[in-house]
>>> print(open('structure_26.cif').read())   # mmCIF, C-alpha atoms
data_upload
#
loop_
_atom_site.group_PDB
_atom_site.id
_atom_site.type_symbol
_atom_site.label_atom_id
_atom_site.label_comp_id
_atom_site.auth_asym_id
_atom_site.auth_seq_id
_atom_site.Cartn_x
_atom_site.Cartn_y
_atom_site.Cartn_z
ATOM 1 C CA MET A 3 17.191 166.015 8.046
ATOM 2 C CA THR A 4 16.444 166.529 11.748
ATOM 3 C CA ARG A 5 18.823 167.948 14.339
ATOM 4 C CA ILE A 6 18.199 166.949 17.963
ATOM 5 C CA ILE A 7 19.283 169.395 20.668
ATOM 6 C CA GLY A 8 18.954 168.970 24.422
ATOM 7 C CA GLU A 9 17.979 166.080 26.640
ATOM 8 C CA SER A 10 15.059 166.125 29.040
ATOM 9 C CA ASP A 11 16.928 163.893 31.500
ATOM 10 C CA ALA A 12 19.994 166.091 32.007
ATOM 11 C CA GLY A 13 21.886 165.133 35.134
ATOM 12 C CA GLY A 14 24.190 166.900 37.583
ATOM 13 C CA GLN A 15 23.721 170.508 38.647
ATOM 14 C CA ASP A 16 22.170 171.332 35.267
ATOM 15 C CA GLY A 17 19.400 168.819 35.971
ATOM 16 C CA VAL A 18 18.857 170.116 39.526
ATOM 17 C CA THR A 19 18.363 173.694 38.347
ATOM 18 C CA LEU A 20 16.077 172.545 35.546
ATOM 19 C CA ALA A 21 13.982 170.577 38.057
ATOM 20 C CA LEU A 22 13.697 173.652 40.279
ATOM 21 C CA LEU A 23 12.570 175.726 37.315
ATOM 22 C CA CYS A 24 9.958 173.093 36.453
ATOM 23 C CA GLU A 25 8.693 173.177 40.040
ATOM 24 C CA GLU A 26 8.435 176.964 40.032
ATOM 25 C CA VAL A 27 6.610 177.158 36.698
ATOM 26 C CA ARG A 28 4.319 174.203 37.459
ATOM 27 C CA GLY A 29 3.189 176.009 40.602
ATOM 28 C CA TRP A 30 1.888 178.935 38.583
ATOM 29 C CA PHE A 31 -0.517 176.570 36.801
ATOM 30 C CA ASP A 32 -2.096 175.264 40.020
ATOM 31 C CA GLY A 33 -5.831 175.741 39.661
ATOM 32 C CA VAL A 34 -5.492 176.845 36.020
ATOM 33 C CA PRO A 35 -7.760 174.957 33.572
ATOM 34 C CA VAL A 36 -5.957 172.323 31.509
ATOM 35 C CA GLU A 37 -6.931 174.016 28.252
ATOM 36 C CA GLN A 38 -5.256 177.290 29.319
ATOM 37 C CA ARG A 39 -1.785 177.230 27.825
ATOM 38 C CA PHE A 40 -0.286 180.492 29.052
ATOM 39 C CA VAL A 41 0.185 182.389 32.284
ATOM 40 C CA HIS A 42 1.268 185.983 31.741
ATOM 41 C CA THR A 43 3.230 187.174 34.752
ATOM 42 C CA GLU A 44 3.670 190.549 36.379
ATOM 43 C CA LEU A 45 7.270 190.704 35.171
ATOM 44 C CA PRO A 46 7.161 192.515 31.801
ATOM 45 C CA GLY A 47 7.642 190.097 28.917
ATOM 46 C CA LEU A 48 7.766 186.901 31.009
ATOM 47 C CA THR A 49 5.207 184.185 30.168
ATOM 48 C CA PHE A 50 4.871 180.586 31.334
ATOM 49 C CA ILE A 51 3.696 177.909 28.890
ATOM 50 C CA ARG A 52 2.015 174.533 29.431
ATOM 51 C CA PHE A 53 0.722 171.955 26.946
ATOM 52 C CA CYS A 54 -0.857 168.755 28.246
ATOM 53 C CA HIS A 55 -0.945 167.020 24.859
ATOM 54 C CA PRO A 56 1.216 167.002 21.710
ATOM 55 C CA THR A 57 0.103 169.335 18.934
ATOM 56 C CA GLU A 58 0.032 168.962 15.186
ATOM 57 C CA MET A 59 2.695 170.692 13.110
ATOM 58 C CA GLY A 60 1.347 174.183 12.552
ATOM 59 C CA ARG A 61 2.468 177.599 11.409
ATOM 60 C CA GLY A 62 2.727 180.906 13.220
ATOM 61 C CA LEU A 63 4.680 184.135 13.514
ATOM 62 C CA LEU A 64 7.548 184.018 15.992
ATOM 63 C CA SER A 65 8.317 187.410 17.542
ATOM 64 C CA PRO A 66 11.702 188.443 19.018
ATOM 65 C CA SER A 67 11.880 186.218 22.079
ATOM 66 C CA LEU A 68 13.562 183.364 23.896
ATOM 67 C CA CYS A 69 11.644 180.240 24.895
ATOM 68 C CA LEU A 70 13.346 177.836 27.287
ATOM 69 C CA VAL A 71 11.959 174.283 27.350
ATOM 70 C CA LEU A 72 11.790 172.945 30.897
ATOM 71 C CA GLN A 73 9.969 169.663 30.299
ATOM 72 C CA GLY A 74 8.774 167.790 27.214
ATOM 73 C CA SER A 75 10.025 168.594 23.733
ATOM 74 C CA LYS A 76 9.267 170.641 20.632
ATOM 75 C CA LYS A 77 10.048 170.402 16.944
ATOM 76 C CA ILE A 78 10.395 173.245 14.447
ATOM 77 C CA LEU A 79 10.906 173.508 10.723
ATOM 78 C CA LEU A 80 13.255 176.322 9.789
ATOM 79 C CA GLY A 81 13.877 176.546 6.082
ATOM 80 C CA LYS A 82 14.153 172.918 4.948
ATOM 81 C CA ALA A 83 15.601 171.498 8.173
ATOM 82 C CA PHE A 84 13.772 170.123 11.209
ATOM 83 C CA THR A 85 15.173 170.739 14.686
ATOM 84 C CA ALA A 86 13.959 168.800 17.728
ATOM 85 C CA TYR A 87 14.825 170.108 21.167
ATOM 86 C CA GLY A 88 13.975 169.100 24.708
ATOM 87 C CA GLY A 89 14.372 170.089 28.337
ATOM 88 C CA GLY A 90 17.123 172.632 28.908
ATOM 89 C CA SER A 91 17.214 173.855 25.308
ATOM 90 C CA TYR A 92 15.929 177.167 24.022
ATOM 91 C CA LEU A 93 14.694 178.729 20.816
ATOM 92 C CA LEU A 94 15.835 182.300 20.280
ATOM 93 C CA SER A 95 14.580 184.744 17.661
ATOM 94 C CA THR A 96 15.855 188.275 17.080
ATOM 95 C CA LEU A 97 13.219 189.160 14.476
ATOM 96 C CA ASP A 98 9.623 188.452 13.481
ATOM 97 C CA MET A 99 9.799 185.105 11.745
ATOM 98 C CA PRO A 100 7.140 182.908 10.115
ATOM 99 C CA ILE A 101 7.860 179.418 11.396
ATOM 100 C CA SER A 102 6.415 175.889 11.604
ATOM 101 C CA GLY A 103 6.449 174.011 14.874
ATOM 102 C CA GLN A 104 4.772 171.577 17.238
ATOM 103 C CA VAL A 105 4.868 170.287 20.787
ATOM 104 C CA ALA A 106 6.188 166.752 20.328
ATOM 105 C CA GLU A 107 6.116 165.356 23.889
ATOM 106 C CA ALA A 108 3.467 166.227 26.471
ATOM 107 C CA THR A 109 1.002 164.330 28.666
ATOM 108 C CA PRO A 110 -1.421 165.439 31.405
ATOM 109 C CA ALA A 111 0.864 163.809 33.980
ATOM 110 C CA THR A 112 4.073 165.216 32.462
ATOM 111 C CA PRO A 113 3.070 168.291 30.471
ATOM 112 C CA TYR A 114 5.263 170.346 28.233
ATOM 113 C CA LEU A 115 6.514 173.269 30.318
ATOM 114 C CA GLY A 116 8.388 176.300 29.121
ATOM 115 C CA LEU A 117 9.042 179.924 29.841
ATOM 116 C CA ARG A 118 9.230 182.760 27.365
ATOM 117 C CA ILE A 119 10.788 186.199 27.616
ATOM 118 C CA GLU A 120 10.350 188.921 25.041
ATOM 119 C CA LEU A 121 13.581 190.250 23.603
ATOM 120 C CA ASP A 122 14.409 193.828 22.735
ATOM 121 C CA VAL A 123 17.456 193.699 20.496
ATOM 122 C CA ARG A 124 18.261 197.264 21.490
ATOM 123 C CA GLU A 125 18.801 196.139 25.101
ATOM 124 C CA ILE A 126 21.236 193.454 23.960
ATOM 125 C CA ALA A 127 22.996 195.959 21.704
ATOM 126 C CA ALA A 128 23.308 198.379 24.637
ATOM 127 C CA LEU A 129 24.936 195.627 26.731
ATOM 128 C CA ILE A 130 27.397 194.861 23.930
ATOM 129 C CA ILE A 131 28.338 198.529 23.651
ATOM 130 C CA ASP A 132 28.437 199.281 27.401
ATOM 131 C CA MET A 133 30.606 196.265 28.222
ATOM 132 C CA GLY A 134 32.664 196.286 25.031
ATOM 133 C CA ILE A 135 31.699 192.665 24.337
ATOM 134 C CA GLU A 136 33.154 191.037 21.246
ATOM 135 C CA VAL A 137 32.238 187.533 20.118
ATOM 136 C CA VAL A 138 34.354 185.846 17.468
ATOM 137 C CA PRO A 139 32.129 184.372 14.722
ATOM 138 C CA ARG A 140 32.274 180.564 14.552
ATOM 139 C CA GLY A 141 30.754 180.332 11.105
ATOM 140 C CA ALA A 142 28.911 182.139 8.359
ATOM 141 C CA GLU A 143 25.448 181.553 9.840
ATOM 142 C CA THR A 144 23.594 184.822 10.396
ATOM 143 C CA THR A 145 19.973 183.707 10.623
ATOM 144 C CA GLY A 146 17.916 185.527 13.230
ATOM 145 C CA VAL A 147 16.512 182.262 14.689
ATOM 146 C CA PHE A 148 18.410 179.382 16.276
ATOM 147 C CA VAL A 149 18.236 176.642 18.910
ATOM 148 C CA ASP A 150 20.869 175.929 21.553
ATOM 149 C CA LYS A 151 21.221 174.086 24.862
ATOM 150 C CA SER A 152 21.401 176.184 28.026
ATOM 151 C CA ASP A 153 24.210 175.773 30.534
ATOM 152 C CA ALA A 154 24.068 175.820 34.344
ATOM 153 C CA GLU A 155 24.793 179.562 34.597
ATOM 154 C CA LEU A 156 22.009 180.511 32.193
ATOM 155 C CA ARG A 157 19.485 178.236 33.926
ATOM 156 C CA ASP A 158 20.461 179.688 37.291
ATOM 157 C CA ALA A 159 19.850 183.209 35.964
ATOM 158 C CA PHE A 160 16.408 182.149 34.717
ATOM 159 C CA LEU A 161 15.630 180.599 38.112
ATOM 160 C CA ARG A 162 16.467 183.886 39.847
ATOM 161 C CA LEU A 163 14.313 185.727 37.299
ATOM 162 C CA VAL A 164 11.299 183.494 38.000
ATOM 163 C CA ARG A 165 11.768 183.755 41.770
ATOM 164 C CA LEU A 166 11.571 187.546 41.532
ATOM 165 C CA LEU A 167 7.826 187.051 41.039
ATOM 166 C CA LYS A 168 7.614 186.137 44.733
ATOM 167 C CA LYS A 169 9.629 189.202 45.742
ATOM 168 C CA PRO A 170 8.033 192.134 43.904
ATOM 169 C CA GLU A 171 9.764 194.578 46.235
ATOM 170 C CA ASP A 172 13.117 193.438 44.775
ATOM 171 C CA SER A 173 12.085 193.497 41.111
ATOM 172 C CA ALA A 174 12.650 197.189 40.454
ATOM 173 C CA VAL A 175 16.335 196.854 41.387
ATOM 174 C CA LEU A 176 17.163 193.271 40.431
ATOM 175 C CA LEU A 177 15.108 192.687 37.259
ATOM 176 C CA PRO A 178 17.323 194.849 34.975
ATOM 177 C CA LEU A 179 20.431 193.181 36.423
ATOM 178 C CA VAL A 180 19.128 189.633 35.970
ATOM 179 C CA LYS A 181 17.997 190.391 32.411
ATOM 180 C CA ARG A 182 21.417 191.775 31.523
ATOM 181 C CA GLU A 183 23.027 188.649 32.969
ATOM 182 C CA ILE A 184 20.731 186.482 30.835
ATOM 183 C CA PHE A 185 21.714 188.464 27.729
ATOM 184 C CA TYR A 186 25.372 188.139 28.687
ATOM 185 C CA ARG A 187 25.074 184.358 29.164
ATOM 186 C CA LEU A 188 23.354 184.062 25.783
ATOM 187 C CA LEU A 189 26.167 185.966 24.092
ATOM 188 C CA LYS A 190 28.740 183.712 25.758
ATOM 189 C CA ALA A 191 26.893 180.498 24.886
ATOM 190 C CA LYS A 192 27.900 178.096 22.114
ATOM 191 C CA SER A 193 25.630 179.909 19.660
ATOM 192 C CA GLY A 194 26.478 183.313 21.079
ATOM 193 C CA SER A 195 28.213 184.330 17.872
ATOM 194 C CA VAL A 196 24.937 183.851 15.973
ATOM 195 C CA LEU A 197 23.119 186.143 18.425
ATOM 196 C CA TYR A 198 25.999 188.627 18.332
ATOM 197 C CA GLN A 199 25.972 188.761 14.530
ATOM 198 C CA ALA A 200 22.185 189.115 14.493
ATOM 199 C CA VAL A 201 22.302 192.039 16.931
ATOM 200 C CA VAL A 202 25.166 193.728 15.119
ATOM 201 C CA SER A 203 23.337 193.270 11.842
ATOM 202 C CA HIS A 204 20.580 195.546 13.145
ATOM 203 C CA ALA A 205 23.124 198.327 12.878
ATOM 204 C CA ASN A 206 25.066 197.099 9.853
ATOM 205 C CA ASP A 207 22.071 195.877 7.856
ATOM 206 C CA ARG A 208 19.533 198.551 8.613
ATOM 207 C CA GLY A 209 18.254 198.175 5.076
ATOM 208 C CA VAL A 210 17.161 194.574 5.616
ATOM 209 C CA HIS A 211 15.387 195.437 8.851
ATOM 210 C CA GLN A 212 13.708 198.402 7.208
ATOM 211 C CA ALA A 213 12.514 196.027 4.484
ATOM 212 C CA ILE A 214 11.150 193.581 7.081
ATOM 213 C CA LEU A 215 9.319 196.358 8.914
ATOM 214 C CA TRP A 216 7.882 197.715 5.671
ATOM 215 C CA ILE A 217 6.571 194.287 4.654
ATOM 216 C CA LYS A 218 5.025 193.780 8.114
ATOM 217 C CA ASP A 219 3.236 197.127 7.910
ATOM 218 C CA HIS A 220 2.231 196.850 4.232
ATOM 219 C CA PHE A 221 1.920 193.109 3.548
ATOM 220 C CA LYS A 222 -1.578 193.597 2.114
ATOM 221 C CA GLU A 223 -0.238 195.903 -0.597
ATOM 222 C CA PRO A 224 1.391 194.906 -3.921
ATOM 223 C CA MET A 225 5.160 194.701 -3.576
ATOM 224 C CA ARG A 226 8.014 194.950 -6.042
ATOM 225 C CA VAL A 227 11.455 193.853 -4.875
ATOM 226 C CA ASP A 228 13.214 196.630 -6.786
ATOM 227 C CA THR A 229 11.028 199.236 -5.050
ATOM 228 C CA LEU A 230 11.709 197.576 -1.687
ATOM 229 C CA ALA A 231 15.439 197.593 -2.470
ATOM 230 C CA LYS A 232 15.359 201.362 -3.077
ATOM 231 C CA LEU A 233 13.659 201.840 0.288
ATOM 232 C CA ALA A 234 16.416 199.745 1.891
ATOM 233 C CA ASN A 235 19.096 201.657 -0.057
ATOM 234 C CA MET A 236 20.422 198.371 -1.451
ATOM 235 C CA SER A 237 20.530 196.677 -4.820
ATOM 236 C CA ALA A 238 17.765 194.140 -5.432
ATOM 237 C CA SER A 239 20.264 191.263 -5.583
ATOM 238 C CA VAL A 240 22.003 192.228 -2.320
ATOM 239 C CA LEU A 241 18.677 192.727 -0.531
ATOM 240 C CA HIS A 242 17.432 189.331 -1.722
ATOM 241 C CA ARG A 243 20.636 187.585 -0.577
ATOM 242 C CA ARG A 244 20.848 189.268 2.844
ATOM 243 C CA PHE A 245 17.113 188.932 3.450
ATOM 244 C CA LYS A 246 17.281 185.199 2.791
ATOM 245 C CA GLU A 247 20.361 184.800 5.012
ATOM 246 C CA MET A 248 18.488 186.340 7.924
ATOM 247 C CA THR A 249 15.019 184.858 7.422
ATOM 248 C CA VAL A 250 15.692 181.735 5.257
ATOM 249 C CA MET A 251 13.153 183.063 2.766
ATOM 250 C CA SER A 252 12.866 185.719 0.071
ATOM 251 C CA PRO A 253 10.983 189.025 0.601
ATOM 252 C CA LEU A 254 8.093 187.752 -1.532
ATOM 253 C CA GLN A 255 7.904 184.495 0.435
ATOM 254 C CA TYR A 256 7.953 186.494 3.691
ATOM 255 C CA GLN A 257 5.053 188.621 2.463
ATOM 256 C CA LYS A 258 3.093 185.539 1.404
ATOM 257 C CA HIS A 259 3.576 183.890 4.779
ATOM 258 C CA LEU A 260 2.312 186.999 6.578
ATOM 259 C CA ARG A 261 -0.722 187.171 4.297
ATOM 260 C CA LEU A 262 -1.654 183.539 4.860
ATOM 261 C CA LEU A 263 -1.161 183.747 8.631
ATOM 262 C CA GLU A 264 -3.356 186.860 8.799
ATOM 263 C CA ALA A 265 -5.996 185.203 6.607
ATOM 264 C CA ARG A 266 -6.089 182.235 8.973
ATOM 265 C CA LYS A 267 -6.665 184.575 11.919
ATOM 266 C CA LEU A 268 -9.602 186.112 10.071
ATOM 267 C CA LEU A 269 -11.048 182.666 9.401
ATOM 268 C CA LEU A 270 -10.579 181.748 13.062
ATOM 269 C CA ASP A 271 -12.460 184.885 14.076
ATOM 270 C CA GLY A 272 -15.364 183.632 11.971
ATOM 271 C CA SER A 273 -16.310 187.033 10.603
ATOM 272 C CA LEU A 274 -15.169 186.383 7.020
ATOM 273 C CA ASP A 275 -15.487 183.587 4.497
ATOM 274 C CA ALA A 276 -12.466 182.340 2.537
ATOM 275 C CA ALA A 277 -12.907 184.687 -0.443
ATOM 276 C CA SER A 278 -13.367 187.753 1.759
ATOM 277 C CA ALA A 279 -10.332 186.799 3.847
ATOM 278 C CA ALA A 280 -8.306 186.421 0.640
ATOM 279 C CA PHE A 281 -9.203 189.901 -0.602
ATOM 280 C CA SER A 282 -8.661 191.471 2.818
ATOM 281 C CA VAL A 283 -5.030 190.344 2.990
ATOM 282 C CA GLY A 284 -4.153 191.427 -0.538
ATOM 283 C CA TYR A 285 -4.948 188.472 -2.802
ATOM 284 C CA GLN A 286 -6.583 189.320 -6.119
ATOM 285 C CA SER A 287 -7.624 185.755 -6.867
ATOM 286 C CA PRO A 288 -9.517 183.566 -4.367
ATOM 287 C CA SER A 289 -8.499 180.453 -6.310
ATOM 288 C CA GLN A 290 -4.802 181.359 -6.018
ATOM 289 C CA PHE A 291 -5.364 182.039 -2.309
ATOM 290 C CA SER A 292 -6.964 178.614 -1.853
ATOM 291 C CA ARG A 293 -4.080 176.866 -3.651
ATOM 292 C CA GLU A 294 -1.421 178.628 -1.603
ATOM 293 C CA TYR A 295 -3.394 178.181 1.624
ATOM 294 C CA ARG A 296 -3.651 174.433 1.024
ATOM 295 C CA ARG A 297 0.057 174.228 0.180
ATOM 296 C CA TYR A 298 1.018 176.212 3.286
ATOM 297 C CA PHE A 299 -1.326 174.714 5.898
ATOM 298 C CA GLY A 300 -1.974 171.325 4.289
ATOM 299 C CA ILE A 301 -5.747 171.834 4.191
ATOM 300 C CA SER A 302 -8.197 173.967 2.236
ATOM 301 C CA PRO A 303 -9.477 177.165 3.881
ATOM 302 C CA LEU A 304 -13.062 175.870 3.829
ATOM 303 C CA ARG A 305 -12.169 172.620 5.623
ATOM 304 C CA ASP A 306 -9.772 174.408 7.942
ATOM 305 C CA ARG A 307 -12.284 176.939 9.184
ATOM 306 C CA GLU A 308 -14.477 174.480 11.051
ATOM 307 C CA GLY A 309 -11.793 172.794 13.134
ATOM 308 C CA LEU A 310 -9.311 175.663 13.371
ATOM 309 C CA LYS A 311 -9.913 176.565 17.010
ATOM 310 C CA SER A 312 -9.235 173.054 18.274
ATOM 311 C CA ARG A 313 -6.009 172.828 16.287
ATOM 312 C CA GLU A 314 -4.676 176.288 17.071
ATOM 313 C CA ALA A 315 -1.068 175.934 18.290
ATOM 314 C CA ASP A 316 1.680 178.107 19.685
ATOM 315 C CA TYR A 317 5.121 178.117 18.046
ATOM 316 C CA GLU A 318 7.173 180.182 20.544
#
>>> encode(input="structure_26.cif", output="C-alpha cells")
Amino acid sequence: MTRIIGESDAGGQDGVTLALLCEEVRGWFDGVPVEQRFVHTELPGLTFIRFCHPTEMGRGLLSPSLCLVLQGSKKILLGKAFTAYGGGSYLLSTLDMPISGQVAEATPATPYLGLRIELDVREIAALIIDMGIEVVPRGAETTGVFVDKSDAELRDAFLRLVRLLKKPEDSAVLLPLVKREIFYRLLKAKSGSVLYQAVVSHANDRGVHQAILWIKDHFKEPMRVDTLAKLANMSASVLHRRFKEMTVMSPLQYQKHLRLLEARKLLLDGSLDAASAAFSVGYQSPSQFSREYRRYFGISPLRDREGLKSREADYE
C-alpha cells in the first residue's frame, strides 16, 4: 500500500511561498556541479539538497531531522508501507532510523529541491515546557518518523529562515526565534500529536532511548534482548513492544540494519573485501552476511561493491 502526501502544484498563497523557497534554494546551487547534491550553509544544521535525476530505492540511516520537499517528489518505505510525498510536504524524524527511500521525480530542468534542518529533540522539549504546550493525541501512533504536508505559516517560517543567510548580522538574534516558531508550527500541524508524543517519550521512555543509543554505540558486539532490557530497566517484552512502536522494528532488526549499513560504507571506501567487512561489523559468518546483505540491498556484496558509488543515494 502506498500513501501519497502533498502536491507539487499547490496553488494560492501556499504555492507562492513554496515558489519563493524554490527560488532561494535554487540560487544557492548556481555554479555548483550537477553531481553535487548538497550545499551546507552557514546556519548550523541547515542544508540544501538537489537531485537532477531520480534515484533507485536505497537504504540509509535517517538522523533526527526535518526535510521539506520544495520541488519534485520522494518515496520512502517505513515498515511495510510506502509513502510518496511531493512539493510542500516534509519528512520528520526524532530518532536515528534505518530507512529505505528514493527520489522519484527529478530532471536537470526541474530538479528535486529540498531543505533539511537538524533537529535537537531537547530544544523542542524545552519549547513545550517553557510555553506549557499540550497537544491532544489523535491516535495511538507513536513512531518517531512521519510525513505531513506543510501549511502556509510553516513555509513562511522556513522562508524567513533561509533568507537569514543573506543577513548574517541578524542571525544571532533571529535564528533562535525562527527555529522556535518552526518547532511550534510543527507541533500545531496535523501530525503535531505524533511529534509531541515522540518528544514526550524521550522523557517517559528513557529506557527505549537508552537501548537505541546502546545499540548504536555497540552494534558490532553480540546482543541479548534480556540484557538490553535490564540496561533499559524494562522487561524484555515491554522493551520489544515499545521499541517496535517507535522504530517499526525489533532491537535485533535495528542492530542488523546498522551492521549492514556500516558494512556497505566499508565496501564503498574500498579498503575491505566482503568477508573482512562482515567480520568488522560483528558477523561471525561471511555466508550469513552475504545472504542478509543480498536480502537487504537486493544485490550481493561482491556485485554491489563495483557500482556502489554511482548508486549511492540520500534518504533524508
>>> closest_residue(input="structure_26.cif", among="A:Leu304, A:Leu93, A:Ala111, A:Ile101", to="Ile7 of chain A", atoms="all atoms listed in the file")
A:Leu93
>>> closest_residue(input="structure_26.cif", among="A:Ala231, A:Ile78, A:Cys54, A:Val137", to="Ala108 of chain A", atoms="only C-alpha atoms")
A:Cys54
>>> atom_distance(input="structure_26.cif", atom1="atom CA of Arg39 of chain A", atom2="atom CA of Leu269 of chain A")
21.3 Å
>>> closest_residue(input="structure_26.cif", among="A:Val105, A:Leu270, A:Ile51, A:Val149", to="Lys192 of chain A", atoms="only C-alpha atoms")
A:Val149
>>> resolve_selection(input="structure_26.cif", expression="the PyMOL selection byres ((chain A and resi 176-182) around 12)", output="NGL selection string")
:A and (44-48 or 68 or 119-130 or 132-133 or 155-167 or 169-175 or 183-189)
>>> write_last_selection(input="structure_26.cif", atoms="C-alpha atoms", output="compact mmCIF listing (two decimals), in the frame of the given file")
# COMPACT_ATOMS: atom_id res chain seq x y z
CA GLU A 44 3.67 190.55 36.38
CA LEU A 45 7.27 190.70 35.17
CA PRO A 46 7.16 192.52 31.80
CA GLY A 47 7.64 190.10 28.92
CA LEU A 48 7.77 186.90 31.01
CA LEU A 68 13.56 183.36 23.90
CA ILE A 119 10.79 186.20 27.62
CA GLU A 120 10.35 188.92 25.04
CA LEU A 121 13.58 190.25 23.60
CA ASP A 122 14.41 193.83 22.74
CA VAL A 123 17.46 193.70 20.50
CA ARG A 124 18.26 197.26 21.49
CA GLU A 125 18.80 196.14 25.10
CA ILE A 126 21.24 193.45 23.96
CA ALA A 127 23.00 195.96 21.70
CA ALA A 128 23.31 198.38 24.64
CA LEU A 129 24.94 195.63 26.73
CA ILE A 130 27.40 194.86 23.93
CA ASP A 132 28.44 199.28 27.40
CA MET A 133 30.61 196.26 28.22
CA GLU A 155 24.79 179.56 34.60
CA LEU A 156 22.01 180.51 32.19
CA ARG A 157 19.48 178.24 33.93
CA ASP A 158 20.46 179.69 37.29
CA ALA A 159 19.85 183.21 35.96
CA PHE A 160 16.41 182.15 34.72
CA LEU A 161 15.63 180.60 38.11
CA ARG A 162 16.47 183.89 39.85
CA LEU A 163 14.31 185.73 37.30
CA VAL A 164 11.30 183.49 38.00
CA ARG A 165 11.77 183.76 41.77
CA LEU A 166 11.57 187.55 41.53
CA LEU A 167 7.83 187.05 41.04
CA LYS A 169 9.63 189.20 45.74
CA PRO A 170 8.03 192.13 43.90
CA GLU A 171 9.76 194.58 46.24
CA ASP A 172 13.12 193.44 44.78
CA SER A 173 12.08 193.50 41.11
CA ALA A 174 12.65 197.19 40.45
CA VAL A 175 16.34 196.85 41.39
CA GLU A 183 23.03 188.65 32.97
CA ILE A 184 20.73 186.48 30.84
CA PHE A 185 21.71 188.46 27.73
CA TYR A 186 25.37 188.14 28.69
CA ARG A 187 25.07 184.36 29.16
CA LEU A 188 23.35 184.06 25.78
CA LEU A 189 26.17 185.97 24.09
>>> residues_around(input="structure_26.cif", residues="Lys222 of chain A", least_positions_apart="2", cutoff="6 Å", atoms="all atoms listed in the file", output="mmCIF file with C-alpha atoms, in the coordinates of the input")
data_model
loop_
_atom_site.group_PDB
_atom_site.id
_atom_site.type_symbol
_atom_site.label_atom_id
_atom_site.label_comp_id
_atom_site.auth_asym_id
_atom_site.auth_seq_id
_atom_site.Cartn_x
_atom_site.Cartn_y
_atom_site.Cartn_z
ATOM 1 C CA HIS A 220 2.231 196.850 4.232
ATOM 2 C CA VAL A 283 -5.030 190.344 2.990
ATOM 3 C CA GLY A 284 -4.153 191.427 -0.538
#
>>> residues_near_point(input="structure_26.cif", point="(-12.7, 176.6, 7.8)", cutoff="12 Å", atoms="all atoms listed in the file", output="VMD selection string")
chain A and resid 265 to 277 279 292 295 to 296 299 301 to 313
>>> closest_residue(input="structure_26.cif", among="A:Pro35, A:Gly29, A:Pro56, A:Gly300", to="Pro113 of chain A", atoms="all atoms listed in the file")
A:Pro56
>>> atom_distance(input="structure_26.cif", atom1="atom CA of Gly89 of chain A", atom2="atom CA of Leu72 of chain A")
4.6 Å
>>> closest_residue(input="structure_26.cif", among="A:Tyr114, A:Gln290, A:Gly209, A:Ile135", to="Leu233 of chain A", atoms="all atoms listed in the file")
A:Gly209
>>> axis_aligned_box(input="structure_26.cif", around="segment 99-117 of chain A", padding_each_side="8 Å", output="JSON")
{"center_x": 4.2, "center_y": 174.5, "center_z": 22.0, "size_x": 27.2, "size_y": 37.3, "size_z": 39.9}
>>> atom_distance(input="structure_26.cif", atom1="atom CA of Lys232 of chain A", atom2="atom CA of Gln286 of chain A")
25.2 Å
>>> resolve_selection(input="structure_26.cif", expression="the PyMOL selection byres ((chain A and resi 249) around 12)", output="count of residues only")
38
>>> resolve_selection(input="structure_26.cif", expression="the PyMOL selection byres ((chain A and resi 77) around 12)", output="PyMOL selection string")
chain A and resi 4-8+56-61+71+74-76+78-80+83-88+91-93+101-107+149+316-318
